[in-house]
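Data from target35.csv: CSV, C-alpha atoms and all ligand atoms
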chain,number,residue,atom,x,y,z
A,5,MET,CA,86.5,91.5,95.4
A,6,ARG,CA,87.1,89.4,98.5
A,7,VAL,CA,89.0,91.5,101.0
A,8,VAL,CA,90.6,90.7,104.4
A,9,ILE,CA,91.0,93.6,106.8
A,10,THR,CA,93.2,93.1,109.8
A,11,GLY,CA,92.9,95.5,112.8
A,12,HIS,CA,89.4,96.3,111.6
A,13,ASN,CA,88.4,97.8,115.0
A,14,GLY,CA,91.3,100.2,115.0
A,15,GLN,CA,91.3,103.9,114.0
A,16,LEU,CA,92.2,103.1,110.4
A,17,GLY,CA,90.7,99.7,110.2
A,18,ARG,CA,87.2,101.1,110.7
A,19,GLN,CA,87.7,103.5,107.9
A,20,LEU,CA,89.0,100.8,105.6
A,21,GLN,CA,86.0,98.8,106.4
A,22,ALA,CA,83.7,101.7,105.4
A,23,ALA,CA,85.7,102.4,102.2
A,24,PHE,CA,85.5,98.8,101.1
A,25,ALA,CA,81.9,98.1,102.4
A,26,ASP,CA,80.7,97.2,98.9
A,27,HIS,CA,83.1,94.2,98.8
A,28,GLN,CA,83.0,90.9,100.5
A,29,LEU,CA,84.9,91.4,103.7
A,30,LEU,CA,86.6,89.2,106.3
A,31,PRO,CA,87.3,91.6,109.2
A,32,LEU,CA,89.9,90.3,111.7
A,33,ASP,CA,90.9,91.7,115.1
A,34,LEU,CA,91.6,90.8,118.7
A,35,PRO,CA,90.5,89.0,120.7
A,36,GLY,CA,89.2,86.4,118.3
A,37,ASP,CA,91.7,86.7,115.5
A,38,ASP,CA,95.2,87.2,116.8
A,39,ILE,CA,97.7,87.7,114.0
A,40,THR,CA,100.6,86.4,116.2
A,41,GLN,CA,99.0,82.9,116.1
A,42,PRO,CA,100.1,80.7,113.1
A,43,ALA,CA,96.4,79.6,112.7
A,44,ILE,CA,95.7,83.0,111.3
A,45,CYS,CA,97.5,82.0,108.0
A,46,THR,CA,94.9,79.4,107.3
A,47,ARG,CA,92.0,81.7,108.4
A,48,VAL,CA,93.2,84.2,105.8
A,49,ALA,CA,93.9,81.7,103.0
A,50,ASP,CA,90.6,79.8,103.5
A,51,PHE,CA,88.7,83.0,102.8
A,52,LYS,CA,90.3,83.0,99.3
A,53,PRO,CA,90.9,86.8,99.3
A,54,ASP,CA,91.9,88.8,96.3
A,55,LEU,CA,93.3,91.5,98.6
A,56,VAL,CA,94.5,91.7,102.2
A,57,LEU,CA,94.6,95.1,103.9
A,58,HIS,CA,96.9,94.7,106.9
A,59,ALA,CA,96.4,97.5,109.4
A,60,ALA,CA,96.7,95.5,112.6
A,61,ALA,CA,99.7,96.4,114.8
A,62,PHE,CA,100.9,97.0,118.3
A,63,THR,CA,100.7,100.8,117.9
A,64,ASN,CA,101.5,102.0,121.4
A,65,VAL,CA,105.0,103.4,120.7
A,66,ASP,CA,106.0,103.6,124.4
A,67,GLY,CA,104.4,100.2,125.1
A,68,CYS,CA,106.6,98.7,122.3
A,69,GLU,CA,109.7,100.2,123.9
A,70,GLN,CA,108.7,98.6,127.2
A,71,ASP,CA,107.8,95.2,125.7
A,72,PRO,CA,110.0,94.6,122.6
A,73,GLU,CA,109.0,90.9,122.6
A,74,GLN,CA,105.4,91.7,122.1
A,75,ALA,CA,106.2,94.5,119.6
A,76,PHE,CA,108.1,92.1,117.3
A,77,ARG,CA,105.6,89.3,117.8
A,78,ALA,CA,102.7,91.5,116.7
A,79,ASN,CA,104.4,93.7,114.1
A,80,ALA,CA,106.9,91.3,112.6
A,81,VAL,CA,105.7,87.7,113.3
A,82,GLY,CA,102.1,88.9,112.9
A,83,THR,CA,102.9,90.5,109.5
A,84,GLN,CA,104.7,87.3,108.4
A,85,ASN,CA,101.6,85.2,109.3
A,86,ILE,CA,99.3,87.5,107.3
A,87,ALA,CA,101.7,87.7,104.4
A,88,LEU,CA,101.9,83.8,104.3
A,89,GLY,CA,98.1,83.7,104.3
A,90,ALA,CA,98.0,86.1,101.4
A,91,GLN,CA,100.8,84.1,99.6
A,92,ALA,CA,98.8,80.8,100.0
A,93,ALA,CA,95.7,82.5,98.5
A,94,GLY,CA,97.6,84.3,95.7
A,95,ALA,CA,96.2,87.6,97.1
A,96,ALA,CA,97.8,91.0,96.9
A,97,LEU,CA,98.7,92.5,100.3
A,98,LEU,CA,98.7,96.1,101.4
A,99,TYR,CA,100.7,96.7,104.5
A,100,ILE,CA,100.2,99.9,106.5
A,101,SER,CA,103.5,101.2,107.8
A,102,THR,CA,104.8,104.4,109.4
A,103,ASN,CA,106.8,107.5,109.0
A,104,GLU,CA,108.7,106.3,112.1
A,105,VAL,CA,110.8,103.9,110.0
A,106,PHE,CA,112.9,106.9,109.3
A,107,ASP,CA,115.2,108.3,112.0
A,108,GLY,CA,114.1,111.9,111.4
A,109,SER,CA,117.6,113.3,111.1
A,110,ALA,CA,117.2,114.4,107.4
A,111,ARG,CA,116.3,118.0,106.9
A,112,GLU,CA,114.2,117.1,103.8
A,113,ALA,CA,111.1,115.1,103.6
A,114,TYR,CA,111.7,111.3,103.1
A,115,ARG,CA,110.8,109.8,99.8
A,116,GLU,CA,109.4,106.3,99.3
A,117,TRP,CA,112.7,104.8,98.3
A,118,ASP,CA,114.8,106.3,101.1
A,119,ARG,CA,116.4,103.7,103.3
A,120,PRO,CA,114.6,103.0,106.6
A,121,SER,CA,116.6,103.8,109.7
A,122,PRO,CA,114.3,103.2,112.6
A,123,ILE,CA,115.4,104.3,116.1
A,124,SER,CA,112.6,103.0,118.4
A,125,VAL,CA,111.4,99.4,119.0
A,126,TYR,CA,108.1,100.2,117.5
A,127,ALA,CA,109.8,101.6,114.3
A,128,ARG,CA,112.2,98.6,114.1
A,129,SER,CA,109.3,96.2,114.4
A,130,LYS,CA,107.3,98.0,111.7
A,131,ALA,CA,110.4,98.2,109.4
A,132,ALA,CA,110.8,94.4,110.0
A,133,GLY,CA,107.2,94.0,108.8
A,134,GLU,CA,108.0,96.0,105.6
A,135,GLN,CA,111.0,93.7,105.0
A,136,ILE,CA,109.0,90.6,105.4
A,137,VAL,CA,106.3,91.8,103.0
A,138,ARG,CA,109.0,92.6,100.4
A,139,ASP,CA,110.7,89.2,100.9
A,140,LEU,CA,107.6,87.0,100.8
A,141,LEU,CA,105.4,88.7,98.2
A,142,SER,CA,105.7,90.3,94.7
A,143,ARG,CA,102.2,91.7,94.6
A,144,PHE,CA,102.3,94.2,97.5
A,145,TYR,CA,101.8,97.8,98.5
A,146,ILE,CA,103.5,99.3,101.4
A,147,VAL,CA,101.6,102.5,102.5
A,148,ARG,CA,103.4,104.6,105.0
A,149,VAL,CA,101.2,107.0,107.0
A,150,ALA,CA,101.9,109.4,109.8
A,151,TRP,CA,100.3,111.1,112.8
A,152,LEU,CA,96.9,109.4,112.3
A,153,PHE,CA,93.7,110.8,113.7
A,154,GLY,CA,90.1,110.0,113.0
A,155,PRO,CA,86.7,109.0,114.3
A,156,SER,CA,86.7,106.6,117.3
A,157,GLY,CA,90.4,107.0,117.7
A,158,ASN,CA,92.4,108.0,120.8
A,159,ASN,CA,94.8,110.3,119.0
A,160,PHE,CA,96.7,113.6,119.3
A,161,VAL,CA,93.6,115.7,118.5
A,162,THR,CA,91.4,114.1,121.2
A,163,LYS,CA,94.4,114.3,123.7
A,164,ILE,CA,95.0,118.0,123.0
A,165,LEU,CA,91.3,118.8,123.4
A,166,SER,CA,90.9,116.9,126.6
A,167,ALA,CA,94.2,118.4,128.0
A,168,ALA,CA,93.0,121.9,127.1
A,169,GLN,CA,89.6,121.3,128.8
A,170,LYS,CA,91.3,119.8,131.9
A,171,ASN,CA,94.4,122.0,132.3
A,172,GLY,CA,93.7,125.2,130.5
A,173,ALA,CA,97.3,125.4,129.4
A,174,LEU,CA,99.6,123.1,127.4
A,175,ARG,CA,103.2,122.3,126.8
A,176,VAL,CA,103.8,120.9,123.4
A,177,ALA,CA,107.0,119.9,121.5
A,178,ALA,CA,108.0,122.4,118.9
A,179,ASP,CA,111.0,120.4,117.5
A,180,GLU,CA,109.1,117.3,116.3
A,181,PHE,CA,107.7,117.5,112.7
A,182,GLY,CA,105.4,115.3,110.8
A,183,ASN,CA,102.3,115.1,108.5
A,184,PRO,CA,99.0,115.0,110.4
A,185,THR,CA,96.9,112.5,108.5
A,186,TYR,CA,93.1,111.8,108.6
A,187,ALA,CA,92.2,108.2,108.6
A,188,PRO,CA,89.1,108.5,106.4
A,189,ASP,CA,91.3,110.3,103.8
A,190,VAL,CA,93.9,107.5,103.9
A,191,ALA,CA,91.1,104.8,103.5
A,192,ALA,CA,89.8,106.6,100.4
A,193,ALA,CA,93.3,106.9,99.0
A,194,VAL,CA,94.0,103.2,99.7
A,195,ARG,CA,90.9,102.3,97.8
A,196,ARG,CA,92.0,104.3,94.8
A,197,LEU,CA,95.5,102.9,95.0
A,198,VAL,CA,94.4,99.2,94.9
A,199,GLU,CA,92.0,100.0,92.1
A,200,SER,CA,95.0,101.2,90.1
A,201,GLY,CA,96.9,97.9,90.6
A,202,HIS,CA,100.2,99.8,90.8
A,203,PHE,CA,102.1,97.9,93.4
A,204,GLY,CA,104.9,99.5,95.3
A,205,ILE,CA,105.8,101.8,98.2
A,206,TYR,CA,103.6,104.9,98.9
A,207,HIS,CA,103.6,107.8,101.3
A,208,LEU,CA,99.9,108.7,101.7
A,209,THR,CA,99.6,111.5,104.2
A,210,ASN,CA,97.6,114.7,104.1
A,211,ARG,CA,99.4,117.4,102.3
A,212,GLY,CA,101.8,119.6,104.2
A,213,PHE,CA,103.6,119.2,107.5
A,214,CYS,CA,104.0,121.0,110.8
A,215,SER,CA,105.4,120.7,114.3
A,216,ARG,CA,103.4,119.1,117.1
A,217,CYS,CA,103.1,122.6,118.5
A,218,ASP,CA,101.5,124.0,115.3
A,219,PHE,CA,99.3,121.0,115.1
A,220,ALA,CA,98.0,121.6,118.6
A,221,ARG,CA,97.5,125.3,117.8
A,222,ALA,CA,95.4,124.4,114.7
A,223,ILE,CA,93.3,122.0,116.8
A,224,LEU,CA,92.6,124.5,119.5
A,225,GLN,CA,91.8,127.3,117.0
A,226,GLN,CA,89.3,125.0,115.2
A,227,ALA,CA,87.7,124.0,118.5
A,228,GLY,CA,87.3,127.6,119.7
A,229,TYR,CA,90.0,127.3,122.3
A,230,GLY,CA,92.3,129.7,120.5
A,231,ASP,CA,93.1,131.6,123.8
A,232,VAL,CA,94.4,128.5,125.6
A,233,PRO,CA,98.1,129.2,126.0
A,234,ILE,CA,100.7,126.8,124.5
A,235,THR,CA,104.3,126.7,125.7
A,236,PRO,CA,106.6,125.3,123.1
A,237,ILE,CA,109.1,122.8,124.5
A,238,LEU,CA,111.7,120.4,123.3
A,239,SER,CA,110.5,116.8,122.9
A,240,ALA,CA,113.5,115.8,125.1
A,241,ASP,CA,111.8,117.8,127.9
A,242,TRP,CA,108.8,115.5,127.7
A,243,PRO,CA,110.1,112.3,129.3
A,244,ARG,CA,108.9,109.1,127.7
A,245,PRO,CA,110.2,105.6,127.2
A,246,SER,CA,110.7,106.0,123.4
A,247,ARG,CA,112.5,108.7,121.4
A,248,PRO,CA,110.5,110.1,118.5
A,249,PRO,CA,112.2,110.9,115.2
A,250,LEU,CA,112.3,114.7,115.1
A,251,HIS,CA,111.8,115.3,111.4
A,252,SER,CA,110.1,112.2,110.0
A,253,VAL,CA,108.2,114.1,107.4
A,254,LEU,CA,107.0,112.1,104.4
A,255,ALA,CA,106.9,113.3,100.7
A,256,ASN,CA,104.3,111.7,98.5
A,257,THR,CA,106.1,111.2,95.2
A,258,ALA,CA,104.9,107.9,93.9
A,259,GLY,CA,101.2,108.5,94.6
A,260,ALA,CA,101.3,112.1,93.3
A,261,ALA,CA,102.8,110.8,90.0
A,262,MET,CA,99.6,109.0,89.4
A,263,GLY,CA,97.3,111.8,90.7
A,264,LEU,CA,96.9,110.3,94.1
A,265,THR,CA,97.1,113.2,96.6
A,266,LEU,CA,95.3,114.0,99.9
A,267,ARG,CA,93.9,117.4,100.8
A,268,PRO,CA,95.9,119.7,103.1
A,269,TRP,CA,96.1,118.6,106.7
A,270,GLU,CA,94.5,121.8,108.0
A,271,GLN,CA,91.3,121.0,106.1
A,272,ALA,CA,91.2,117.5,107.5
A,273,VAL,CA,91.7,118.8,111.1
A,274,ALA,CA,88.9,121.3,110.6
A,275,GLU,CA,86.5,118.6,109.4
A,276,TYR,CA,87.4,116.2,112.3
A,277,VAL,CA,87.2,118.9,115.0
A,278,ALA,CA,83.8,119.9,113.7
A,279,LEU,CA,82.7,116.2,113.8
A,280,LEU,CA,83.9,115.9,117.4
A,281,ARG,CA,82.1,119.1,118.4
A,282,SER,CA,78.9,117.9,116.7
A,283,GLU,CA,79.2,114.8,119.0
A,284,GLY,CA,79.6,117.1,122.0
A,285,LYS,CA,83.2,116.1,122.6
B,301,LIG,N1,98.3,105.9,114.9
B,301,LIG,C1,99.3,106.6,114.2
B,301,LIG,O1,99.6,107.7,114.4
B,301,LIG,C2,100.0,105.8,113.1
B,301,LIG,C3,101.0,106.5,112.4
B,301,LIG,C4,101.7,105.8,111.4
B,301,LIG,C5,101.4,104.5,111.1
B,301,LIG,N2,100.4,103.9,111.8
B,301,LIG,C6,100.1,102.5,111.4
B,301,LIG,O2,98.7,102.5,110.9
B,301,LIG,C7,98.1,101.3,111.2
B,301,LIG,C8,96.7,101.5,111.9
B,301,LIG,O3,97.0,102.4,113.1
B,301,LIG,P1,95.8,102.8,114.0
B,301,LIG,O4,96.0,104.1,114.6
B,301,LIG,O5,94.5,102.5,113.3
B,301,LIG,O6,96.0,101.7,115.2
B,301,LIG,P2,95.0,101.1,116.3
B,301,LIG,O7,93.8,102.1,116.4
B,301,LIG,O8,95.8,100.8,117.5
B,301,LIG,O9,94.4,99.8,115.6
B,301,LIG,C9,95.2,98.7,115.5
B,301,LIG,C10,94.3,97.5,115.6
B,301,LIG,O10,95.1,96.3,115.6
B,301,LIG,C11,94.7,95.4,116.6
B,301,LIG,N3,95.7,94.5,117.0
B,301,LIG,C12,96.8,94.7,117.8
B,301,LIG,N4,97.5,93.6,118.0
B,301,LIG,C13,96.8,92.6,117.3
B,301,LIG,C14,97.0,91.2,117.1
B,301,LIG,N5,98.0,90.6,117.7
B,301,LIG,N6,96.1,90.5,116.4
B,301,LIG,C15,95.1,91.1,115.8
B,301,LIG,N7,94.9,92.5,115.9
B,301,LIG,C16,95.7,93.2,116.7
B,301,LIG,C17,94.3,96.4,117.7
B,301,LIG,O11,93.6,95.7,118.7
B,301,LIG,P3,93.7,96.2,120.3
B,301,LIG,O12,93.2,97.7,120.2
B,301,LIG,O13,92.7,95.3,121.0
B,301,LIG,O14,95.1,96.1,120.7
B,301,LIG,C18,93.6,97.5,117.0
B,301,LIG,O15,92.2,97.1,116.8
B,301,LIG,C19,99.1,100.5,112.1
B,301,LIG,O16,99.7,99.5,111.3
B,301,LIG,C20,100.1,101.5,112.6
B,301,LIG,O17,101.4,100.9,112.7
B,301,LIG,C21,99.7,104.5,112.8

Turn this file's structure into structure tokens for me.
Amino acid sequence: MRVVITGHNGQLGRQLQAAFADHQLLPLDLPGDDITQPAICTRVADFKPDLVLHAAAFTNVDGCEQDPEQAFRANAVGTQNIALGAQAAGAALLYISTNEVFDGSAREAYREWDRPSPISVYARSKAAGEQIVRDLLSRFYIVRVAWLFGPSGNNFVTKILSAAQKNGALRVAADEFGNPTYAPDVAAAVRRLVESGHFGIYHLTNRGFCSRCDFARAILQQAGYGDVPITPILSADWPRPSRPPLHSVLANTAGAAMGLTLRPWEQAVAEYVALLRSEGK
């Protein structure tokens, strides 16, 4: 297959590249290939892809809140450009989206067909990307992931470890819930999904969910810092430009129905922390 990967230098993009390494790839990323520029449509179409994996995004949630123009340019206009390129080539497109398209007010996990209700600029721009993909293409996958961590990423796991090393004590939100998700596991699941040819909307996260506080505890435990004290706080007590959805937990219903499930998040955290430790981090 001929496969375009956008955002290939990112945390997930690198893993997608590894998972599809036996295919003919066109990896796209900044600075050379900016998805906000209309020329990217031709760049995608000219490659004559069978599949476009669209992982590029302006992912700094607080940065999006401070610069809505850039957020919508990258996540909505950029997605439109990539979708038009896929359309011109007759390629299927897989759009990586986020748990944050839901407002987090539900007490139950969100299913694939629940209506998005984004509350931050980042989430609104990603939801706009979903809408564009649905409007422009019939052969699409929307894959929502959450709380991503993985090799070469600057993520919650690496932040908790460096804060523990630096401060020796942590304050972490106990009222924000989600599904910690390992980028290599998502990439492997994406590969299986596209091999199935079952288009649609999917929630591909590691199994289970937890609070940020419990996530931090699991990370410290695995890293041998189990005695570092954690004070549970409310997310409102951690001032930041954007407001996170408090209970944006995803349920994997569509993938599970075809046998596509990811391992429990605790196992993935253990593997990742062991990898970081083996690298001396
Ligand atoms: N991280 C999470 O916790 C999380 C959770 C849910 C969903 N997601 C979604 O998962 C996907 C992958 O996330 P990630 O953590 O791998 O993000 P990431 O590490 O920030 O990777 C995104 C990549 O896209 C690139 N990019 C940004 N703007 C671009 C533009 N205008 N043109 C071309 N490339 C551009 C970035 O380049 P620069 O680094 O140079 O900006 C980066 O290489 C995203 O769609 C994100 O919305 C992430």

message: Neighbours of ligand LIG 301 (chain B) at 8 Å or closer, counting only C-alpha atoms and all ligand atoms: which residues, as a PyMOL selection string?
response: chain A and resi 10-18+32-41+58-64+77-79+82+99-104+130+148-153+157-159+187

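Comparing A:Gln169, A:Ser215, A:Gln70, A:Ser282 by their smallest distance to Ser246 of chain A, the closest is A:Gln70 (using all atoms listed in the file).
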
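For the pair atom CA of Leu55 of chain A and atom CA of Val8 of chain A, the separation is 6.4 Å.
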
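Each of A:Tyr126, A:Phe160, A:Trp242, A:Trp269 was compared to Glu73 of chain A using all atoms listed in the file, and A:Tyr126 turns out to be the nearest.
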
- request: Extract, using all atoms listed in the file, all DNA, RNA and protein residues at most 9 Å from Phe24 of chain A, discarding same-chain residues fewer than 2 positions from it, and format them as a ChimeraX atom specification.
  value: /A:7,19-22,26-29,191-192,195

Next, write the just-selected residues to a file, as an mmCIF file, keeping the file's coordinate frame, keeping C-alpha atoms as the atom set.
data_model
loop_
_atom_site.group_PDB
_atom_site.id
_atom_site.type_symbol
_atom_site.label_atom_id
_atom_site.label_comp_id
_atom_site.auth_asym_id
_atom_site.auth_seq_id
_atom_site.Cartn_x
_atom_site.Cartn_y
_atom_site.Cartn_z
ATOM 1 C CA VAL A 7 89.000 91.500 101.000
ATOM 2 C CA GLN A 19 87.700 103.500 107.900
ATOM 3 C CA LEU A 20 89.000 100.800 105.600
ATOM 4 C CA GLN A 21 86.000 98.800 106.400
ATOM 5 C CA ALA A 22 83.700 101.700 105.400
ATOM 6 C CA ASP A 26 80.700 97.200 98.900
ATOM 7 C CA HIS A 27 83.100 94.200 98.800
ATOM 8 C CA GLN A 28 83.000 90.900 100.500
ATOM 9 C CA LEU A 29 84.900 91.400 103.700
ATOM 10 C CA ALA A 191 91.100 104.800 103.500
ATOM 11 C CA ALA A 192 89.800 106.600 100.400
ATOM 12 C CA ARG A 195 90.900 102.300 97.800
#

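With only C-alpha atoms as the atoms that count, the residue of A:Gly228, A:Asp66, A:Cys217, A:Cys45 with the shortest distance to Pro243 of chain A is A:Asp66.
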
message: Neighbouring residues of Phe219 of chain A were defined as those with any atom within 10 Å, considering all atoms listed in the file; residues of the same chain fewer than 5 positions away were excluded. Please report them as number ranges by chain.
response: A: 160-161, 164, 176, 178, 181-184, 213-214, 224-225, 269-270, 273

As lines of an AutoDock Vina configuration file, what would the box around segment 135-149 of chain A look like: edges along x, y and z, 3 Å added on every side, centre and edge lengths in Å to one decimal?
center_x = 106.1
center_y = 97.0
center_z = 100.8
size_x = 15.8
size_y = 26.0
size_z = 18.4

- prompt: Using all atoms listed in the file, what residues lie at most 9 Å away from (98.3, 96.5, 97.3) (file coordinates), given as a PyMOL selection string?
  reply: chain A and resi 55-57+96-99+143-147+194+197-199+201-204

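Considering the residues A:Leu208, A:Val277, A:Ala23, A:Leu30 and counting all atoms listed in the file, Ala255 of chain A has its shortest atom-to-atom contact with A:Leu208.
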
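Atom CA of Ser239 of chain A is positioned 25.6 Å from atom CA of Gln74 of chain A.
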
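Minimum distance to Ala177 of chain A across A:Leu250, A:Ala49, A:Leu141, A:Ala193 (counting only C-alpha atoms) occurs at A:Leu250.
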
task: Would you list the residues near (94.8, 117.3, 106.0), meaning any protein, DNA or RNA residue with an atom at most 6 Å from that point in file coordinates, counting only C-alpha atoms, as a PyMOL selection string?
output: chain A and resi 185+210-211+267-272

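Separating atom CA of Glu134 of chain A from atom CA of Ala90 of chain A is a distance of 14.7 Å.
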